[in-house]
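Student: Dropping in entry.cif, which is mmCIF, C-alpha atoms:
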data_protein
#
loop_
_atom_site.label_atom_id
_atom_site.label_comp_id
_atom_site.auth_asym_id
_atom_site.auth_seq_id
_atom_site.Cartn_x
_atom_site.Cartn_y
_atom_site.Cartn_z
CA MET A 1 -135.45 217.50 112.86
CA MET A 2 -132.71 219.40 111.03
CA ALA A 3 -131.69 222.69 112.64
CA THR A 4 -131.71 224.58 109.37
CA SER A 5 -134.47 224.40 106.78
CA PHE A 6 -134.03 224.51 103.03
CA ARG A 7 -137.39 226.29 102.84
CA ARG A 8 -137.50 229.54 100.88
CA ALA A 9 -139.26 232.74 101.87
CA PRO A 10 -143.07 232.56 101.88
CA ASP A 11 -143.40 234.80 98.82
CA PHE A 12 -141.63 232.30 96.56
CA ASP A 13 -143.80 230.22 94.29
CA ARG A 14 -145.63 227.25 95.78
CA ARG A 15 -143.79 224.64 93.74
CA ALA A 16 -140.47 225.83 95.14
CA ASP A 17 -141.89 225.69 98.67
CA LEU A 18 -142.98 222.10 98.13
CA VAL A 19 -139.56 221.11 96.75
CA ASP A 20 -137.83 222.67 99.76
CA ALA A 21 -140.23 220.91 102.14
CA THR A 22 -139.38 217.66 100.37
CA LEU A 23 -135.67 218.30 100.89
CA ASP A 24 -136.30 218.91 104.59
CA CYS A 25 -138.17 215.60 104.85
CA ILE A 26 -135.53 213.64 102.92
CA ALA A 27 -132.78 215.11 105.11
CA GLU A 28 -134.70 213.95 108.19
CA PHE A 29 -136.41 210.71 107.12
CA GLY A 30 -134.60 209.57 103.95
CA ILE A 31 -136.28 209.02 100.59
CA GLN A 32 -138.21 205.91 101.60
CA GLY A 33 -139.45 207.54 104.79
CA THR A 34 -140.60 210.67 103.00
CA THR A 35 -144.31 210.56 102.18
CA VAL A 36 -146.77 212.95 100.58
CA ARG A 37 -148.33 213.33 104.02
CA SER A 38 -145.02 214.30 105.66
CA ILE A 39 -144.24 216.77 102.88
CA ALA A 40 -147.70 218.33 103.17
CA ALA A 41 -147.29 218.66 106.94
CA ARG A 42 -143.85 220.26 106.56
CA ALA A 43 -145.12 222.69 103.90
CA GLY A 44 -148.37 223.41 105.71
CA VAL A 45 -150.56 222.41 102.75
CA THR A 46 -152.98 219.64 101.84
CA ASN A 47 -152.05 216.40 100.08
CA GLY A 48 -154.29 217.50 97.23
CA LEU A 49 -152.24 220.65 96.60
CA ILE A 50 -149.09 218.56 96.26
CA ARG A 51 -150.78 216.28 93.74
CA HIS A 52 -152.08 219.34 91.89
CA HIS A 53 -148.55 220.64 91.35
CA PHE A 54 -146.61 217.38 90.97
CA ALA A 55 -149.17 214.62 90.29
CA SER A 56 -147.14 212.09 92.29
CA LYS A 57 -144.47 211.69 94.95
CA ASP A 58 -142.09 210.39 92.28
CA ASN A 59 -142.31 213.67 90.36
CA LEU A 60 -141.63 215.63 93.53
CA ILE A 61 -138.61 213.44 94.35
CA VAL A 62 -137.15 214.14 90.90
CA ALA A 63 -137.69 217.89 91.40
CA ALA A 64 -136.02 217.68 94.81
CA TYR A 65 -133.03 215.86 93.33
CA ARG A 66 -132.76 218.50 90.62
CA ARG A 67 -132.68 221.19 93.29
CA THR A 68 -129.99 219.32 95.24
CA ILE A 69 -127.75 219.08 92.18
CA GLU A 70 -128.39 222.75 91.40
CA ILE A 71 -127.14 223.70 94.88
CA ILE A 72 -123.91 221.85 94.08
CA THR A 73 -123.42 222.97 90.48
CA GLU A 74 -124.87 226.47 90.26
CA PRO A 75 -122.00 228.28 92.07
CA PRO A 76 -119.21 226.94 89.80
CA LEU A 77 -121.39 227.30 86.69
CA ALA A 78 -122.03 230.94 87.57
CA VAL A 79 -118.28 231.47 87.74
CA ALA A 80 -117.74 229.70 84.42
CA SER A 81 -120.23 232.01 82.68
CA SER A 82 -118.75 235.18 84.21
CA GLU A 83 -116.12 237.49 82.77
CA GLY A 84 -112.48 237.55 83.77
CA PRO A 85 -108.98 236.28 82.95
CA PRO A 86 -108.85 232.48 82.44
CA HIS A 87 -106.54 231.78 85.39
CA ASP A 88 -108.68 233.88 87.73
CA LYS A 89 -111.88 232.18 86.57
CA MET A 90 -110.38 228.75 87.10
CA CYS A 91 -109.38 229.72 90.65
CA ARG A 92 -112.89 230.98 91.40
CA PHE A 93 -114.42 227.88 89.79
CA ILE A 94 -112.41 225.62 92.10
CA ALA A 95 -113.27 227.70 95.18
CA ALA A 96 -116.97 227.74 94.33
CA SER A 97 -116.94 223.96 93.88
CA VAL A 98 -115.52 223.12 97.31
CA SER A 99 -116.88 225.87 99.56
CA GLY A 100 -120.00 227.87 100.35
CA PRO A 101 -123.49 226.40 99.76
CA ALA A 102 -122.10 223.49 97.73
CA ALA A 103 -120.10 222.24 100.72
CA ASP A 104 -122.93 222.29 103.27
CA PRO A 105 -122.86 218.90 105.07
CA ARG A 106 -126.63 218.59 104.64
CA VAL A 107 -126.21 218.89 100.89
CA LEU A 108 -123.90 215.87 101.06
CA SER A 109 -126.53 214.02 103.12
CA LEU A 110 -129.16 214.74 100.47
CA TRP A 111 -126.79 213.79 97.66
CA ALA A 112 -126.00 210.50 99.41
CA ALA A 113 -129.72 209.79 99.90
CA PHE A 114 -130.36 210.24 96.21
CA ILE A 115 -127.26 208.62 94.72
CA SER A 116 -128.35 205.07 95.57
CA GLN A 117 -131.53 205.66 93.58
CA VAL A 118 -130.01 207.28 90.51
CA HIS A 119 -129.19 204.03 88.70
CA LEU A 120 -132.65 202.66 89.47
CA ASN A 121 -134.63 205.67 88.28
CA PRO A 122 -134.20 206.89 84.67
CA ASP A 123 -135.60 210.32 85.53
CA LEU A 124 -133.03 210.83 88.29
CA ALA A 125 -130.30 209.54 85.99
CA GLU A 126 -131.27 212.09 83.35
CA VAL A 127 -131.12 214.94 85.87
CA ARG A 128 -127.66 213.81 86.97
CA ARG A 129 -126.43 213.48 83.38
CA GLU A 130 -127.73 216.92 82.44
CA LYS A 131 -126.33 218.80 85.43
CA TYR A 132 -122.98 217.06 85.72
CA LEU A 133 -122.42 217.21 81.97
CA ALA A 134 -122.89 220.98 82.14
CA CYS A 135 -120.32 221.24 84.93
CA ASN A 136 -117.92 218.91 83.10
CA ASP A 137 -118.20 220.96 79.91
CA ALA A 138 -117.63 224.19 81.86
CA CYS A 139 -114.54 222.74 83.52
CA GLU A 140 -113.13 221.58 80.19
CA ALA A 141 -113.73 225.00 78.61
CA LEU A 142 -111.91 226.70 81.49
CA ILE A 143 -108.97 224.30 81.19
CA VAL A 144 -108.72 225.01 77.46
CA ASP A 145 -108.87 228.78 78.08
CA VAL A 146 -106.11 228.58 80.70
CA LEU A 147 -103.82 226.50 78.50
CA THR A 148 -104.56 228.52 75.36
CA SER A 149 -103.73 231.76 77.18
CA GLU A 150 -100.28 230.25 77.84
CA GLY A 151 -99.75 229.42 74.19
CA ARG A 152 -100.58 225.73 74.48
CA ASN A 153 -102.96 223.86 72.18
CA PRO A 154 -104.21 220.75 74.01
CA THR A 155 -105.46 217.82 71.93
CA VAL A 156 -108.95 216.46 72.42
CA SER A 157 -107.63 213.48 74.37
CA GLU A 158 -105.47 215.72 76.57
CA ARG A 159 -108.42 218.00 77.27
CA GLN A 160 -110.57 215.05 78.28
CA ARG A 161 -107.83 213.54 80.43
CA LEU A 162 -107.21 216.80 82.28
CA THR A 163 -110.92 217.43 82.74
CA THR A 164 -111.40 214.00 84.28
CA ALA A 165 -108.44 214.52 86.61
CA VAL A 166 -109.52 218.01 87.68
CA ASN A 167 -113.11 216.92 88.29
CA ALA A 168 -111.95 213.92 90.33
CA LEU A 169 -109.77 216.20 92.44
CA ILE A 170 -112.58 218.70 92.99
CA ASP A 171 -115.03 215.91 93.90
CA GLY A 172 -112.60 214.53 96.48
CA LEU A 173 -112.06 217.93 98.08
CA TRP A 174 -115.81 218.56 98.06
CA LEU A 175 -116.38 215.34 99.99
CA GLU A 176 -113.66 216.26 102.48
CA CYS A 177 -115.14 219.74 102.99
CA CYS A 178 -118.63 218.35 103.55
CA LEU A 179 -117.57 215.51 105.84
CA GLY A 180 -115.22 217.62 107.93
CA ALA A 181 -117.01 220.96 107.81
CA LYS A 182 -116.35 221.70 111.49
CA GLU A 183 -112.74 220.51 111.55
CA ILE A 184 -111.40 221.48 108.12
CA ASP A 185 -110.11 224.95 107.31
CA GLU A 186 -112.07 225.88 104.19
CA SER A 187 -109.44 228.32 102.96
CA GLN A 188 -106.80 225.61 103.30
CA GLN A 189 -108.93 223.21 101.26
CA ILE A 190 -109.27 225.83 98.53
CA LYS A 191 -105.51 226.38 98.60
CA ILE A 192 -104.92 222.64 98.24
CA GLY A 193 -107.31 222.59 95.30
CA LEU A 194 -105.58 225.48 93.58
CA GLN A 195 -102.11 224.03 94.07
CA SER A 196 -103.19 220.57 92.90
CA VAL A 197 -105.00 221.78 89.79
CA ALA A 198 -102.10 224.09 88.94
CA SER A 199 -99.78 221.09 89.15
CA LEU A 200 -102.06 218.96 86.96
CA LEU A 201 -102.25 221.66 84.31
CA GLY A 202 -98.61 222.70 84.60
CA VAL A 203 -99.48 226.35 85.24
CA THR A 204 -99.17 228.96 87.97
CA PHE A 205 -102.28 230.57 89.44
CA PRO A 206 -102.32 234.10 90.82
#
I'd like the structure from this file rewritten - as structure tokens, please.

Tutor:
Amino acid sequence: MMATSFRRAPDFDRRADLVDATLDCIAEFGIQGTTVRSIAARAGVTNGLIRHHFASKDNLIVAAYRRTIEIITEPPLAVASSEGPPHDKMCRFIAASVSGPAADPRVLSLWAAFISQVHLNPDLAEVRREKYLACNDACEALIVDVLTSEGRNPTVSERQRLTTAVNALIDGLWLECCLGAKEIDESQQIKIGLQSVASLLGVTFP
């Protein structure tokens, strides 16, 4: 059993409790080993209550995947929608992407459990497309803001190329942070991210 639960406080709505119980079960048993019965036992409810809220295990699995991707994408998206100078926002976006809740090793375990199913399940694929597209668009907008503030006017192809490169870099650092959470200095990983993205964009971050 995992030492830390994803379960929310008891006063949160029941659907959220069931999703968090599902995440606990997937982290412990994997997707195939997670059953309605095990979720009900973890949440302390009846099988019937789960079916009342989600109709089927498949629906609950999709909701659990959505929550997993939200844990990864919500911190950087919150930065992207905040106020501040472009260079500062880009720095905070990078830090939020490779540290904190997004870099919890158990989040990586959940992500890995789901990723093998994404191409087999259209509903999971749609969740991934929606969430990652939002993060991709946010990253591209930040890149454009940074370059524009320096008097540069990137072409569409340049914007797309830089966005792909920055996202690939962030994804690699995220994996490193998750896999080596106990050994890796998080602040050093953030510093590497900032230096690397600054080099890619040809800018200097504060």

Student: Between CA of Leu169 (chain A) and CA of Leu200 (chain A), what is the spacing in Å?

Tutor: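 So the two atoms, CA of Leu200 (chain A) and CA of Leu169 (chain A), lie 9.9 Å apart.
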
Student: Which residues would end up in the selection if the PyMOL selection byres ((chain A and resi 168) around 12) were applied here, given that I need the answer as a list of chain:residue names?

Tutor: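 This file, filtered by the PyMOL selection byres ((chain A and resi 168) around 12), leaves A:Ile94, A:Ser97, A:Asn136, A:Cys139, A:Arg161, A:Leu162, A:Thr163, A:Thr164, A:Ala165, A:Val166, A:Asn167, A:Leu169, A:Ile170, A:Asp171, A:Gly172, A:Leu173, A:Trp174, A:Leu175, A:Gly193, A:Ser196, A:Val197, A:Leu200.
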
Student: Compile the contact shell of region 62-73 of chain A as a list in words: residues with an atom at most 6 Å away, counting only C-alpha atoms, same-chain residues fewer than 2 positions apart removed.

Tutor: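 Once the nearby chain positions are removed, what remains is Val19, Asn59, Leu60, Pro75, Pro76, Ala102 and Leu124 of chain A.
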
Student: Any chance you can output those residues with C-alpha atoms as an mmCIF file, in the coordinates of the input?

Tutor:
data_model
loop_
_atom_site.group_PDB
_atom_site.id
_atom_site.type_symbol
_atom_site.label_atom_id
_atom_site.label_comp_id
_atom_site.auth_asym_id
_atom_site.auth_seq_id
_atom_site.Cartn_x
_atom_site.Cartn_y
_atom_site.Cartn_z
ATOM 1 C CA VAL A 19 -139.560 221.110 96.750
ATOM 2 C CA ASN A 59 -142.310 213.670 90.360
ATOM 3 C CA LEU A 60 -141.630 215.630 93.530
ATOM 4 C CA PRO A 75 -122.000 228.280 92.070
ATOM 5 C CA PRO A 76 -119.210 226.940 89.800
ATOM 6 C CA ALA A 102 -122.100 223.490 97.730
ATOM 7 C CA LEU A 124 -133.030 210.830 88.290
#

Student: One number please: CA of Leu23 (chain A) to CA of Leu110 (chain A), in Å, one decimal.

Tutor: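 Distance between the two atoms: 7.4 Å.
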
Student: With a distance cut-off of 12 Å and only C-alpha atoms, select the neighbouring residues of Phe29 (chain A), excluding the residue or stretch itself and same-chain residues fewer than 2 positions from it, and output the selection as an MDAnalysis selection string.

Tutor: chainID A and resid 1:2 21:27 31:35 38:39 109:110 113

Student: As an exercise, work out the distance from CA of Phe205 (chain A) to CA of His87 (chain A) in Å and give it to one decimal place.

Tutor: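 Between CA of Phe205 (chain A) and CA of His87 (chain A) the gap works out to 6.0 Å.
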
Student: Return the single residue from A:Leu201, A:Glu74, A:Asp17, A:Pro101 that is closest to Val144 (chain A), with distances computed using only C-alpha atoms.

Tutor: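 Looking only at the distances to Val144 (chain A), the closest residue turns out to be A:Leu201.
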
Student: Show which residues sit within 10 Å of Pro85 (chain A), as a list in words. Count all atoms listed in the file, and ignore same-chain residues fewer than 4 positions away.

Tutor: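 Listed by chain and then number, they are Lys89, Met90, Asp145, Val146 and Ser149 of chain A.
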
Student: Can I get the selected residues back with C-alpha atoms, as a short mmCIF file (atom, residue, chain, number, x, y, z; two decimals), in the coordinates of the input?

Tutor:
data_model
loop_
_atom_site.label_atom_id
_atom_site.label_comp_id
_atom_site.auth_asym_id
_atom_site.auth_seq_id
_atom_site.Cartn_x
_atom_site.Cartn_y
_atom_site.Cartn_z
CA LYS A 89 -111.88 232.18 86.57
CA MET A 90 -110.38 228.75 87.10
CA ASP A 145 -108.87 228.78 78.08
CA VAL A 146 -106.11 228.58 80.70
CA SER A 149 -103.73 231.76 77.18
#

Student: Pick from A:Gly30, A:Gly48, A:Gly84, A:Gly202: nearest to Arg152 (chain A), with all atoms listed in the file counted?

Tutor: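 Counting all atoms listed in the file, the residue closest to Arg152 (chain A) is A:Gly202.
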
Student: Quick check on the file I pasted: which residues fall under the PyMOL selection byres ((chain A and resi 53) around 12)? Write them as a ChimeraX atom specification.

Tutor: /A:13-19,45-52,54-57,59-60,63

Student: For each of A:Ala138, A:Ala112, A:Leu120, A:Ala103, take the minimum atom-to-atom distance to Val79 (chain A), counting all atoms listed in the file, then give the residue where this is smallest.

Tutor: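 For Val79 (chain A), the nearest of the given residues is A:Ala138.
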
Student: Let me know the residues the PyMOL selection byres ((chain A and resi 178) around 6) catches in the file above, as an MDAnalysis selection string.

Tutor: chainID A and resid 103:105 175:177 179:181

Student: Missing atoms in region 100-127 of chain A should be modelled up to N, CA and C atoms and reported as a tab-separated table (two decimals), keeping the file's coordinate frame.

Tutor:
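Produced file result_7.tsv, reproduced below:
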chain	number	residue	atom	x	y	z
A	100	GLY	N	-118.70	227.20	100.43
A	100	GLY	CA	-120.00	227.87	100.35
A	100	GLY	C	-121.16	226.89	100.38
A	101	PRO	N	-122.28	227.25	99.73
A	101	PRO	CA	-123.49	226.40	99.76
A	101	PRO	C	-123.23	224.98	99.27
A	102	ALA	N	-122.36	224.82	98.29
A	102	ALA	CA	-122.10	223.49	97.73
A	102	ALA	C	-121.50	222.53	98.75
A	103	ALA	N	-120.80	223.08	99.74
A	103	ALA	CA	-120.10	222.24	100.72
A	103	ALA	C	-120.85	222.12	102.05
A	104	ASP	N	-122.12	222.46	102.07
A	104	ASP	CA	-122.93	222.29	103.27
A	104	ASP	C	-123.07	220.79	103.55
A	105	PRO	N	-122.76	220.33	104.76
A	105	PRO	CA	-122.86	218.90	105.07
A	105	PRO	C	-124.24	218.31	104.76
A	106	ARG	N	-125.30	219.10	104.92
A	106	ARG	CA	-126.63	218.59	104.64
A	106	ARG	C	-126.85	218.37	103.15
A	107	VAL	N	-126.14	219.13	102.33
A	107	VAL	CA	-126.21	218.89	100.89
A	107	VAL	C	-125.61	217.52	100.58
A	108	LEU	N	-124.51	217.20	101.24
A	108	LEU	CA	-123.90	215.87	101.06
A	108	LEU	C	-124.87	214.78	101.51
A	109	SER	N	-125.57	215.00	102.63
A	109	SER	CA	-126.53	214.02	103.12
A	109	SER	C	-127.64	213.79	102.09
A	110	LEU	N	-128.12	214.86	101.50
A	110	LEU	CA	-129.16	214.74	100.47
A	110	LEU	C	-128.61	214.03	99.24
A	111	TRP	N	-127.42	214.42	98.82
A	111	TRP	CA	-126.79	213.79	97.66
A	111	TRP	C	-126.63	212.29	97.89
A	112	ALA	N	-126.19	211.92	99.09
A	112	ALA	CA	-126.00	210.50	99.41
A	112	ALA	C	-127.34	209.75	99.42
A	113	ALA	N	-128.40	210.42	99.88
A	113	ALA	CA	-129.72	209.79	99.90
A	113	ALA	C	-130.20	209.49	98.49
A	114	PHE	N	-129.89	210.41	97.58
A	114	PHE	CA	-130.36	210.24	96.21
A	114	PHE	C	-129.49	209.29	95.39
A	115	ILE	N	-128.19	209.28	95.64
A	115	ILE	CA	-127.26	208.62	94.72
A	115	ILE	C	-127.55	207.13	94.59
A	116	SER	N	-128.06	206.50	95.65
A	116	SER	CA	-128.35	205.07	95.57
A	116	SER	C	-129.55	204.79	94.68
A	117	GLN	N	-130.33	205.83	94.40
A	117	GLN	CA	-131.53	205.66	93.58
A	117	GLN	C	-131.32	206.04	92.12
A	118	VAL	N	-130.21	206.74	91.85
A	118	VAL	CA	-130.01	207.28	90.51
A	118	VAL	C	-129.99	206.19	89.44
A	119	HIS	N	-129.31	205.09	89.70
A	119	HIS	CA	-129.19	204.03	88.70
A	119	HIS	C	-130.45	203.18	88.59
A	120	LEU	N	-131.39	203.40	89.50
A	120	LEU	CA	-132.65	202.66	89.47
A	120	LEU	C	-133.78	203.47	88.85
A	121	ASN	N	-133.57	204.77	88.75
A	121	ASN	CA	-134.63	205.67	88.28
A	121	ASN	C	-134.14	206.46	87.07
A	122	PRO	N	-134.66	206.20	85.88
A	122	PRO	CA	-134.20	206.89	84.67
A	122	PRO	C	-134.35	208.41	84.74
A	123	ASP	N	-135.38	208.88	85.43
A	123	ASP	CA	-135.60	210.32	85.53
A	123	ASP	C	-134.51	210.98	86.38
A	124	LEU	N	-134.13	210.32	87.47
A	124	LEU	CA	-133.03	210.83	88.29
A	124	LEU	C	-131.72	210.77	87.52
A	125	ALA	N	-131.52	209.69	86.78
A	125	ALA	CA	-130.30	209.54	85.99
A	125	ALA	C	-130.18	210.65	84.95
A	126	GLU	N	-131.29	211.04	84.36
A	126	GLU	CA	-131.27	212.09	83.35
A	126	GLU	C	-130.92	213.44	83.97
A	127	VAL	N	-131.46	213.70	85.17
A	127	VAL	CA	-131.12	214.94	85.87
A	127	VAL	C	-129.62	214.98	86.16
